[in-house]
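One structure is given here, and the rest of the page talks about it.
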Amino acid sequence: MEELWSKIAEYLATNGMDLLKAIVLATVIFLIGRWVAKLITKLVDKAMEKTRIEDTLRVFVKNLVYTVLLVFVVIAALSKLIGKDASAQFVAVVGAAGLAIGFALQGSLSNFAAGVLVIIFKPYKVGDYVEIAGSAGLVKEIQIFTTILHSPDNVKIIVPNAQATGGSIMNYTATGTRRVDLVIGVSYEDNLKTAREIIEKVLAADSRILPEPATTVAVSELGDSSVNFVVRPWVNVSDYWAVRFDLMEKIKLALEEGGCSIPFPQRDIHIKSQPAAAAG
C-alpha cells in the first residue's frame, strides 16, 4: 500500500500541473459544449415550430439533437482529459467494446427503435388520451426512449417506448368522439315507459350530447333487484368525463322527481321454525 501511495505521489509531483490543466480544460469544454448544445437544440426547436411541424415530431427531434450533440461534447472533453496520444487508444477500446455495449444497451436501443416507429406510424401523438402498457393518461411528450403520460389525477407516468408499442394501444382521442356507457337501474314497480321518457328528456336537455351517432336507451337486463337500462350517448372526447358525471346526477334526480326509484340490492330472508318434537 505504501509503495502504491508513493507511486501516486511521484506521478502527481511530476505530472500534477498537466493533469490539473487537463481536468480544468475538459470541464470547460464540457460546460461550454453543453451550453452550445442547448442553444442549438433551442434554435432547432424554434425553427421547427415556425414551420408548423407537429408537436410529437418536434419534441422527438429536439431530444434526439440534444442527445447527439451532448455525446460529441463528452467525447471532446474526454479526449482533452486523456491526451492526444491516448485518444486513438481510447477510440480503439470503445470500438472493440462496441459489441458488449450493444448487448448492454439493447433495451435502450429497442426503446429508441420503438420511438422512431411511433413517430412514423403515429398510433398516438402529443395531446392524445391513451392507454398503453397498462397505464392511462394524456400524452405530454414522446422522447427518444420513453413516452411521458399525465394521468387524470396529474400523476406523471413514464412508459418505455418498447413497452408502449409491444402491446395493445387504446387511443381514446383518435376518432374525436367517445361513447358514454351508463347503466341505470329502476325498480320493478316503476313504469318502464315513464322511466325511459325521463332519461331521454335529461339527455335531450344536454347540448354536449351529439345527435349522431344516435343515443341508445334500452332495457339491457332484468336484474335481481332492478330493471337495468343502458344509456349510451356520444360526446366529443373533451366532454367525456364532464358529461358522464353530470348525467349520473341529473338522471337520478329526474327519476326521483318523476316518481321512479333506483333500488339497491336487497334480499328477503325467510326463517322456518322447526316443530317442537323435532327440536326436542
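Lettering and numbering for the C-alpha cells are positional, with chains as A, B, ... in the shown order, residues counted from 1 in each chain, and ligands counted from 1 in the shown order.
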* Please provide the set of residues having any atom within 6 Å of range 205-219 of chain A, restricted to only C-alpha atoms, with same-chain residues fewer than 5 positions apart removed, written as a ChimeraX atom specification. => /A:228-235
Any chance you could export the current selection's N, CA and C atoms as a JSON list (two decimals), in the first residue's frame?
```json
[["chain", "number", "residue", "atom", "x", "y", "z"],
["A", 228, "ASN", "N", -82.59, -2.88, -15.51],
["A", 228, "ASN", "CA", -81.45, -2.03, -15.87],
["A", 228, "ASN", "C", -81.56, -1.50, -17.30],
["A", 229, "PHE", "N", -81.41, -0.18, -17.42],
["A", 229, "PHE", "CA", -81.32, 0.48, -18.72],
["A", 229, "PHE", "C", -79.85, 0.72, -19.06],
["A", 230, "VAL", "N", -79.50, 0.54, -20.32],
["A", 230, "VAL", "CA", -78.20, 1.02, -20.80],
["A", 230, "VAL", "C", -78.45, 2.37, -21.47],
["A", 231, "VAL", "N", -77.64, 3.35, -21.07],
["A", 231, "VAL", "CA", -77.74, 4.71, -21.61],
["A", 231, "VAL", "C", -76.41, 5.02, -22.27],
["A", 232, "ARG", "N", -76.42, 5.22, -23.59],
["A", 232, "ARG", "CA", -75.16, 5.33, -24.34],
["A", 232, "ARG", "C", -75.18, 6.53, -25.29],
["A", 233, "PRO", "N", -74.96, 7.72, -24.77],
["A", 233, "PRO", "CA", -74.83, 8.89, -25.65],
["A", 233, "PRO", "C", -73.40, 9.05, -26.16],
["A", 234, "TRP", "N", -73.26, 9.77, -27.28],
["A", 234, "TRP", "CA", -71.95, 10.06, -27.86],
["A", 234, "TRP", "C", -71.59, 11.52, -27.64],
["A", 235, "VAL", "N", -70.34, 11.76, -27.28],
["A", 235, "VAL", "CA", -69.87, 13.13, -26.99],
["A", 235, "VAL", "C", -68.48, 13.32, -27.59]]
```
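The coordinates place CA of Arg52 in chain A at 20.1 Å from CA of Pro123 in chain A.
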Would you kindly return, as a PDB file with C-alpha atoms, in the first residue's frame, each protein, DNA or RNA residue with an atom no farther than 10 Å from any atom of Gly127 in chain A, considering only C-alpha atoms and excluding same-chain residues fewer than 6 positions away?
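Everything below was put into selection-v9.pdb:
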```pdb
ATOM      1  CA  ASP A  55     -45.558  18.657 -31.530  1.00  0.00           C
ATOM      2  CA  THR A  56     -44.926  14.906 -31.479  1.00  0.00           C
ATOM      3  CA  GLY A 137     -53.204   9.310 -19.364  1.00  0.00           C
ATOM      4  CA  LEU A 138     -52.664  12.303 -21.616  1.00  0.00           C
ATOM      5  CA  VAL A 139     -49.551  12.093 -23.807  1.00  0.00           C
ATOM      6  CA  LYS A 140     -47.291  15.008 -22.859  1.00  0.00           C
ATOM      7  CA  GLU A 141     -44.043  14.023 -24.605  1.00  0.00           C
ATOM      8  CA  LEU A 149     -48.132  10.487 -19.714  1.00  0.00           C
ATOM      9  CA  THR A 173     -58.728  10.689 -28.875  1.00  0.00           C
TER      10      THR A 173
END
```
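Here the question is which of A:Lys250, A:Asn171, A:Ile53, A:Gln163 gets nearest to Glu200 in chain A using only C-alpha atoms, and that residue is A:Lys250.
You can rank A:Leu64, A:Val74, A:Trp241, A:Thr194 by their closest distance to Pro152 in chain A using only C-alpha atoms, and at the top of that list sits A:Trp241.
Closest approach to Met48 in chain A from the set A:Ser168, A:Leu203, A:Lys62, A:Ile142 is made by A:Lys62, with distances taken over only C-alpha atoms.
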